[in-house]
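*Asks:* Starting off with a structure, shown below.
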Amino acid sequence: MSNEDKSSGLNGRLVFAIAAAAVGSGFQHGYNIGVVNAPGKLIQEWINYTDYTRSNYTVVPTEATITWIWSVAVSVYCIGGMIGGSLTGFFAEKFGRRGGLMVNNIFALIGAILEGFSYSAESYEMLIAGRVFIGINCGLNAGLAPMYLSEISPVNLRGAVGTMYQLILTISILISQILGMENIMGTETLWPYLLAFTAVAVLYQVPALMFCPESPKYILITKGREREAERALNWLRGTTKVEEEMEEMRAESAKQKLTTVVSLKEMLTNPCLKSPLIIAVMMQLAQQFSGINAVMFFSTSIFEDSGLNTLTSQYATLGMGVMNVLMTFVSLVLVEKAGRKTLQLVGLAGMFVVVILLTVFLAIKDLAPWIPYISIVLIIAFVVAFATGPGSIPWFLVSELFNQSARPLASSIAVTVNWTANFFVGIGFLPLAQLLGPYVFVIFAAILAFFVWFTWKHVPETKNKTIEEISTMFRRSSDDLGVSEEAGTFSKRQKKDTALAFLTSDPAVLISFSRTFSQRC
């Protein structure tokens, strides 16, 4: 194998760094999505008993009160995610990508302790607080881990490596579902340990990341330490022949020196930034408003409402988790072959078809005893379609759409939007389901139809493209998302300066023009 081939492929050290970032971070995110599903009724019974004992056994809590407390305990995880997501940019720039992941484990450890001791302390407030801290950890993980994975990966493996985060996430959901079975840890006395089990990821990730380098792009472009960046790249590629990749990073670094720090105003008004930001945000919304987390959070209750008993419902949920893992692995293989846009379209379109059929079969579930089992098949098919593309692609797409200076802020915005949408789905699904019954999924069908159109119309293919190539695509097609007027105004305003710069060959004029243009695009 040539040095060039070696530098663009997998090696033991790169695999170790990917595992350190993806396993530690993806586990927290996935495990804490699924862990409250199976023992939900047990925890609600504990909340009921705890509230009853606090009144000296005189006031019996109403079902509405218990449901409200439980809804808060589930949904504050997303509020924590919003907080963590909004802090992504700060952590990424202050501590670095790897450093931010390491510091972030503090939140996970605090959350695990609070959740684990909530039962013995007879405090559901501790449980709620623990979910907030875990949410902050997962919100930061969702921004920092894909960013780190994207920046340490060769261009030809960027999509596959980015999908690793979602693969670990789905495996972790499955692990939480297995451990949450009533014959394992989903019992009246063991569920606190089930929640605290999330601390295992902390014990793995912190020491593992200590042996990994910081992102070479962060070291060179943000910190300006070229020799250290080259050493990090040598370690990740397993070879000293990394000059071509270093040259690409030097070019990006030189371009960034001509720009000011990207502000929120710049992100929202600059056509070259606003277009990819809209796409990144819309893909995050597509992931959450597709209805996937409504299915994940409440899959057991959905199966029970379909007519299955509790144990059968748990096994059905387990089957759903297995298929989620398998199809995410398939997506990891296909993403560098079929491309991001194709997989995203296939996944969203498949979910649209399935959700229509699911609405029909949930509505007629009482007509025949075999119909509830069709619902199981359809929900698993829904998860399969989600794992094909919408599950993994939005997480790493945001890192592909932006250069080094804009990436942290863009990731903060996209991840915060994702968790905000997650929160509204989590807190709104059950009331809507009670109001609309099986027809609640019609809402998701309409949303999916819109995102199929948006993806087909506006999302570019980023497979095997460098950041500079992707930026050029947006400069050429900025009017696709309604920003042509602003871009055109800029073009007219700069015509005179451009001509002057190249006619006079005055370095001061050239530098002034380059600085202005770089700030815009």
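In the structure tokens, the first chain shown is A, the next is B, and so on; residue numbers restart at 1 for each chain, and ligands run from 1 in the order shown.
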Residues near stretch 398-414 of chain A, anyone? I mean within 7 Å using only C-alpha atoms, not counting same-chain ones fewer than 6 positions away, as a list in words.

*Replies:*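 Once the nearby chain positions are removed, what remains is Gly85, Ser86, Leu87, Thr88, Gly89, Ala92, Gly143, Met147, Ser150, Gln256, Val261, Val262, Pro276, Leu277, Ala280, Val281, Gln284, Ile467 and Ile470 of chain A.
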
*Asks:* Name the closest residue to A:Leu169 among the candidates A:Phe329, A:Tyr315, A:Tyr373, A:Phe27; distances are taken between atoms, counting only C-alpha atoms.

*Replies:*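 Checking each of A:Phe329, A:Tyr315, A:Tyr373, A:Phe27 against A:Leu169, counting only C-alpha atoms, the winner is A:Phe27.
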
*Asks:* Neighbouring residues of A:Glu245 were defined as those with any atom within 9 Å, considering only C-alpha atoms; residues of the same chain fewer than 4 positions away were excluded. Please report them as an MDAnalysis selection string.

*Replies:* chainID A and resid 7 154 233 249:250

*Asks:* Check the DSSP output for the backbone and give back, as number ranges by chain, the residues of stretch 218-428 of chain A in helix (DSSP H, G or I).

*Replies:* A: 218-222, 226-237, 243-257, 264-269, 271-289, 292-305, 310-334, 340-363, 371-388, 393-401, 407-428

*Asks:* By how many Å are atom CA of A:Tyr193 and atom CA of A:Ile128 apart?

*Replies:*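 These two atoms are separated by 15.5 Å.
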
*Asks:* At a cut-off of 10 Å, using only C-alpha atoms, what residues contact A:Met102? Leave out same-chain residues fewer than 2 positions from it and give the result as a list of chain:residue names.

*Replies:*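 Near A:Met102, the qualifying residues are A:Ala21, A:Gly24, A:Ser25, A:Phe95, A:Gly96, A:Arg97, A:Arg98, A:Gly99, A:Gly100, A:Asn104, A:Asn105, A:Ile106, A:Val202, A:Gln205, A:Val206, A:Pro207, A:Ala208, A:Leu209, A:Met210.
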
*Asks:* Atom CA of A:Met185 and atom CA of A:Glu125, how far apart in Å?

*Replies:*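 Atom-to-atom, atom CA of A:Glu125 to atom CA of A:Met185, that is 21.9 Å.
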
*Asks:* Pick from A:Gly339, A:Gly291, A:Gly116, A:Gly9: nearest to A:Val440, with only C-alpha atoms counted?

*Replies:*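 Smallest distance to A:Val440 is found for A:Gly291.
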
*Asks:* Show which residues sit within 12 Å of A:His29, as JSON, numbers by chain. Count only C-alpha atoms, and ignore same-chain residues fewer than 4 positions away.

*Replies:* {"A": [22, 23, 24, 25, 33, 34, 35, 77, 78, 80, 81, 84, 108, 131, 134, 135, 136, 137, 138, 139, 140, 141, 142, 143, 145, 165, 166, 167, 168, 169, 170, 171, 172, 173, 176, 198, 201, 419]}

*Asks:* Could you write those residues out with N, CA and C atoms, as a tab-separated table (two decimals), in the first residue's frame?

*Replies:*
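What follows is the written file part02.tsv:
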```tsv
chain	number	residue	atom	x	y	z
A	22	ALA	N	-16.80	8.40	19.14
A	22	ALA	CA	-18.14	7.95	18.78
A	22	ALA	C	-18.77	7.07	19.85
A	23	VAL	N	-18.00	6.12	20.40
A	23	VAL	CA	-18.56	5.20	21.39
A	23	VAL	C	-18.92	5.95	22.67
A	24	GLY	N	-17.99	6.75	23.18
A	24	GLY	CA	-18.27	7.46	24.42
A	24	GLY	C	-19.42	8.43	24.31
A	25	SER	N	-19.50	9.16	23.18
A	25	SER	CA	-20.52	10.19	23.02
A	25	SER	C	-21.85	9.61	22.54
A	33	ILE	N	-31.90	8.02	25.39
A	33	ILE	CA	-33.16	8.10	24.65
A	33	ILE	C	-34.03	6.90	25.00
A	34	GLY	N	-33.42	5.72	25.02
A	34	GLY	CA	-34.21	4.50	25.18
A	34	GLY	C	-34.40	4.00	26.60
A	35	VAL	N	-33.57	4.48	27.55
A	35	VAL	CA	-33.54	3.86	28.87
A	35	VAL	C	-34.83	4.06	29.66
A	77	TYR	N	-34.91	16.11	29.58
A	77	TYR	CA	-33.74	15.60	28.88
A	77	TYR	C	-33.49	16.44	27.62
A	78	CYS	N	-34.57	16.78	26.94
A	78	CYS	CA	-34.45	17.60	25.72
A	78	CYS	C	-34.09	19.04	26.05
A	80	GLY	N	-32.23	19.95	28.55
A	80	GLY	CA	-30.79	19.86	28.75
A	80	GLY	C	-30.05	19.79	27.43
A	81	GLY	N	-30.62	19.05	26.46
A	81	GLY	CA	-30.02	18.97	25.14
A	81	GLY	C	-29.95	20.32	24.45
A	84	GLY	N	-27.10	22.17	26.09
A	84	GLY	CA	-25.83	21.64	25.61
A	84	GLY	C	-25.56	22.00	24.16
A	108	ALA	N	-22.23	14.26	32.45
A	108	ALA	CA	-22.74	12.89	32.44
A	108	ALA	C	-22.57	12.24	33.81
A	131	ARG	N	-31.72	14.03	34.74
A	131	ARG	CA	-32.05	14.02	33.31
A	131	ARG	C	-31.60	15.32	32.62
A	134	ILE	N	-27.78	15.01	32.15
A	134	ILE	CA	-27.52	14.06	31.07
A	134	ILE	C	-27.87	14.69	29.72
A	135	GLY	N	-28.96	15.46	29.70
A	135	GLY	CA	-29.35	16.14	28.46
A	135	GLY	C	-28.30	17.13	27.99
A	136	ILE	N	-27.73	17.90	28.93
A	136	ILE	CA	-26.66	18.84	28.58
A	136	ILE	C	-25.48	18.08	27.96
A	137	ASN	N	-25.13	16.98	28.59
A	137	ASN	CA	-24.03	16.15	28.06
A	137	ASN	C	-24.33	15.67	26.64
A	138	CYS	N	-25.54	15.19	26.42
A	138	CYS	CA	-25.88	14.64	25.10
A	138	CYS	C	-26.00	15.74	24.05
A	139	GLY	N	-26.48	16.93	24.45
A	139	GLY	CA	-26.55	18.04	23.52
A	139	GLY	C	-25.17	18.46	23.04
A	140	LEU	N	-24.22	18.51	23.97
A	140	LEU	CA	-22.84	18.82	23.59
A	140	LEU	C	-22.23	17.70	22.76
A	141	ASN	N	-22.49	16.46	23.13
A	141	ASN	CA	-21.97	15.33	22.36
A	141	ASN	C	-22.45	15.38	20.91
A	142	ALA	N	-23.72	15.73	20.72
A	142	ALA	CA	-24.31	15.73	19.37
A	142	ALA	C	-23.66	16.76	18.47
A	143	GLY	N	-23.08	17.81	19.05
A	143	GLY	CA	-22.37	18.81	18.26
A	143	GLY	C	-20.88	18.54	18.16
A	145	ALA	N	-18.98	15.65	18.90
A	145	ALA	CA	-18.49	14.38	18.36
A	145	ALA	C	-18.51	14.34	16.83
A	165	TYR	N	-21.29	7.86	14.56
A	165	TYR	CA	-21.97	8.41	15.74
A	165	TYR	C	-23.39	7.86	15.84
A	166	GLN	N	-24.11	7.88	14.72
A	166	GLN	CA	-25.48	7.38	14.71
A	166	GLN	C	-25.52	5.87	14.92
A	167	LEU	N	-24.52	5.15	14.38
A	167	LEU	CA	-24.48	3.70	14.58
A	167	LEU	C	-24.35	3.36	16.05
A	168	ILE	N	-23.42	4.03	16.74
A	168	ILE	CA	-23.26	3.80	18.19
A	168	ILE	C	-24.50	4.21	18.93
A	169	LEU	N	-25.12	5.30	18.49
A	169	LEU	CA	-26.37	5.76	19.12
A	169	LEU	C	-27.44	4.68	19.05
A	170	THR	N	-27.60	4.06	17.89
A	170	THR	CA	-28.64	3.03	17.74
A	170	THR	C	-28.30	1.78	18.53
A	171	ILE	N	-27.01	1.41	18.56
A	171	ILE	CA	-26.60	0.26	19.36
A	171	ILE	C	-26.90	0.52	20.84
A	172	SER	N	-26.68	1.76	21.26
A	172	SER	CA	-26.91	2.12	22.67
A	172	SER	C	-28.39	2.11	23.03
A	173	ILE	N	-29.23	2.53	22.08
A	173	ILE	CA	-30.67	2.43	22.31
A	173	ILE	C	-31.05	0.97	22.52
A	176	SER	N	-29.98	-0.25	25.93
A	176	SER	CA	-30.89	0.24	26.98
A	176	SER	C	-32.19	-0.54	26.98
A	198	THR	N	-25.31	4.71	32.68
A	198	THR	CA	-24.76	5.63	31.68
A	198	THR	C	-23.36	6.11	32.05
A	201	ALA	N	-19.93	4.90	30.19
A	201	ALA	CA	-19.33	5.59	29.03
A	201	ALA	C	-18.28	6.61	29.46
A	419	TRP	N	-32.63	19.61	19.23
A	419	TRP	CA	-33.12	19.29	20.57
A	419	TRP	C	-34.42	20.02	20.90
```

*Asks:* Using only C-alpha atoms, which of A:Glu45, A:Glu228, A:Glu122, A:Ala129 sits nearest A:Pro61?

*Replies:*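 Going through A:Glu45, A:Glu228, A:Glu122, A:Ala129 one by one, the smallest distance to A:Pro61 is for A:Glu45.
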
*Asks:* Please produce, as a tab-separated table, a per-residue contact table for stretch 356-394 of chain A versus stretch 429-439 of chain A (criterion: any atom at most 7 Å away, only C-alpha atoms considered), showing the nearest atom pair and its distance in Å to one decimal, sorted by chain then residue number.

*Replies:*
```
residue	atom	partner	partner_atom	distance
A:Thr359	CA	A:Pro438	CA	5.5
A:Leu362	CA	A:Pro438	CA	5.6
A:Ala363	CA	A:Pro438	CA	5.6
```

*Asks:* Any idea what's packed within 6 Å of A:Ala385, counting only C-alpha atoms, ignoring anything in its chain fewer than 2 positions away? Could you give it as number ranges by chain?

*Replies:* A: 347, 350-351, 382-383, 387-388

*Asks:* Write a file of the just-selected residues containing N, CA and C atoms, as a PDB file, in the first residue's frame.

*Replies:*
```pdb
ATOM      1  N   GLY A 347     -34.850   7.522   2.541  1.00  0.00           N
ATOM      2  CA  GLY A 347     -35.325   7.355   3.914  1.00  0.00           C
ATOM      3  C   GLY A 347     -36.595   8.133   4.196  1.00  0.00           C
ATOM      4  N   GLY A 350     -39.562   6.697   2.219  1.00  0.00           N
ATOM      5  CA  GLY A 350     -40.002   5.438   2.820  1.00  0.00           C
ATOM      6  C   GLY A 350     -40.800   5.657   4.089  1.00  0.00           C
ATOM      7  N   MET A 351     -40.359   6.596   4.935  1.00  0.00           N
ATOM      8  CA  MET A 351     -41.083   6.902   6.170  1.00  0.00           C
ATOM      9  C   MET A 351     -42.475   7.452   5.858  1.00  0.00           C
ATOM     10  N   PHE A 382     -40.655   1.625   9.585  1.00  0.00           N
ATOM     11  CA  PHE A 382     -40.468   3.061   9.789  1.00  0.00           C
ATOM     12  C   PHE A 382     -39.052   3.341  10.298  1.00  0.00           C
ATOM     13  N   VAL A 383     -38.607   2.537  11.253  1.00  0.00           N
ATOM     14  CA  VAL A 383     -37.264   2.684  11.817  1.00  0.00           C
ATOM     15  C   VAL A 383     -36.196   2.352  10.774  1.00  0.00           C
ATOM     16  N   ALA A 387     -33.290   4.879   9.573  1.00  0.00           N
ATOM     17  CA  ALA A 387     -31.866   4.551   9.696  1.00  0.00           C
ATOM     18  C   ALA A 387     -31.142   4.603   8.355  1.00  0.00           C
ATOM     19  N   THR A 388     -31.870   4.518   7.261  1.00  0.00           N
ATOM     20  CA  THR A 388     -31.262   4.563   5.937  1.00  0.00           C
ATOM     21  C   THR A 388     -30.512   5.863   5.691  1.00  0.00           C
TER      22      THR A 388
END
```

*Asks:* Which is closer to A:Trp70 than all the others in A:Asn48, A:Ser263, A:Ser253, A:Ser153, using only C-alpha atoms?

*Replies:*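 For A:Trp70, the nearest of the candidates is A:Asn48.
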
*Asks:* What is the atom CA of A:Phe451 to atom CA of A:Asn422 distance in Å?

*Replies:*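 Separation of atom CA of A:Phe451 and atom CA of A:Asn422: 16.5 Å.
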
*Asks:* Identify, on the basis of only C-alpha atoms, every residue whose closest approach to A:Gly186 does not exceed 10 Å; exclude the query and any residue fewer than 3 positions from it along the same chain; express the result as a ChimeraX atom specification.

*Replies:* /A:35-43,176-183,189-194

*Asks:* Write the residues of the selection above to a file with N, CA, C and O atoms, as a short mmCIF file (atom, residue, chain, number, x, y, z; two decimals), in the first residue's frame.

*Replies:*
```cif
data_model
loop_
_atom_site.label_atom_id
_atom_site.label_comp_id
_atom_site.auth_asym_id
_atom_site.auth_seq_id
_atom_site.Cartn_x
_atom_site.Cartn_y
_atom_site.Cartn_z
N VAL A 35 -33.57 4.48 27.55
CA VAL A 35 -33.54 3.86 28.87
C VAL A 35 -34.83 4.06 29.66
O VAL A 35 -35.18 3.24 30.52
N VAL A 36 -35.58 5.14 29.41
CA VAL A 36 -36.79 5.39 30.20
C VAL A 36 -38.02 4.70 29.61
O VAL A 36 -39.11 4.78 30.19
N ASN A 37 -37.85 4.03 28.49
CA ASN A 37 -39.00 3.45 27.80
C ASN A 37 -39.60 2.27 28.57
O ASN A 37 -40.74 2.33 29.05
N ALA A 38 -38.81 1.20 28.72
CA ALA A 38 -39.33 -0.03 29.33
C ALA A 38 -39.74 0.13 30.79
O ALA A 38 -40.82 -0.33 31.19
N PRO A 39 -38.92 0.77 31.67
CA PRO A 39 -39.32 0.87 33.08
C PRO A 39 -40.23 2.07 33.37
O PRO A 39 -40.40 2.43 34.54
N GLY A 40 -40.82 2.65 32.35
CA GLY A 40 -41.63 3.85 32.55
C GLY A 40 -42.74 3.68 33.56
O GLY A 40 -42.94 4.54 34.44
N LYS A 41 -43.47 2.57 33.49
CA LYS A 41 -44.58 2.35 34.42
C LYS A 41 -44.08 2.16 35.85
O LYS A 41 -44.71 2.65 36.81
N LEU A 42 -42.94 1.48 36.00
CA LEU A 42 -42.38 1.29 37.34
C LEU A 42 -41.98 2.63 37.96
O LEU A 42 -42.21 2.88 39.15
N ILE A 43 -41.37 3.49 37.15
CA ILE A 43 -40.96 4.79 37.66
C ILE A 43 -42.17 5.64 38.01
O ILE A 43 -42.15 6.35 39.03
N SER A 176 -29.98 -0.25 25.93
CA SER A 176 -30.89 0.24 26.98
C SER A 176 -32.19 -0.54 26.98
O SER A 176 -32.78 -0.80 28.05
N GLN A 177 -32.65 -0.94 25.79
CA GLN A 177 -33.89 -1.71 25.70
C GLN A 177 -33.71 -3.13 26.25
O GLN A 177 -34.60 -3.66 26.92
N ILE A 178 -32.55 -3.72 25.99
CA ILE A 178 -32.27 -5.06 26.52
C ILE A 178 -32.15 -5.03 28.03
O ILE A 178 -32.78 -5.82 28.74
N LEU A 179 -31.36 -4.10 28.54
CA LEU A 179 -31.17 -4.01 29.99
C LEU A 179 -32.47 -3.62 30.69
O LEU A 179 -32.67 -3.96 31.87
N GLY A 180 -33.36 -2.91 29.99
CA GLY A 180 -34.61 -2.48 30.60
C GLY A 180 -35.70 -3.53 30.62
O GLY A 180 -36.78 -3.28 31.17
N MET A 181 -35.42 -4.71 30.05
CA MET A 181 -36.42 -5.79 30.09
C MET A 181 -36.72 -6.15 31.54
O MET A 181 -35.84 -6.11 32.41
N GLU A 182 -37.97 -6.55 31.80
CA GLU A 182 -38.40 -6.79 33.18
C GLU A 182 -37.71 -7.97 33.83
O GLU A 182 -37.69 -8.09 35.06
N ASN A 183 -37.10 -8.83 33.02
CA ASN A 183 -36.36 -9.97 33.60
C ASN A 183 -34.86 -9.69 33.70
O ASN A 183 -34.07 -10.59 34.00
N THR A 189 -36.64 -2.50 41.94
CA THR A 189 -35.47 -2.09 42.73
C THR A 189 -34.23 -1.79 41.88
O THR A 189 -33.32 -1.10 42.33
N LEU A 190 -34.18 -2.31 40.65
CA LEU A 190 -32.98 -2.18 39.83
C LEU A 190 -33.02 -1.01 38.84
O LEU A 190 -31.98 -0.65 38.28
N TRP A 191 -34.19 -0.41 38.60
CA TRP A 191 -34.24 0.65 37.58
C TRP A 191 -33.33 1.84 37.89
O TRP A 191 -32.82 2.47 36.94
N PRO A 192 -33.07 2.20 39.17
CA PRO A 192 -32.10 3.29 39.39
C PRO A 192 -30.71 2.96 38.87
O PRO A 192 -30.00 3.83 38.35
N TYR A 193 -30.29 1.68 39.01
CA TYR A 193 -28.99 1.25 38.50
C TYR A 193 -28.99 1.26 36.97
O TYR A 193 -27.96 1.51 36.34
N LEU A 194 -30.15 0.96 36.40
CA LEU A 194 -30.30 1.01 34.95
C LEU A 194 -30.03 2.43 34.44
O LEU A 194 -29.32 2.62 33.44
#
```
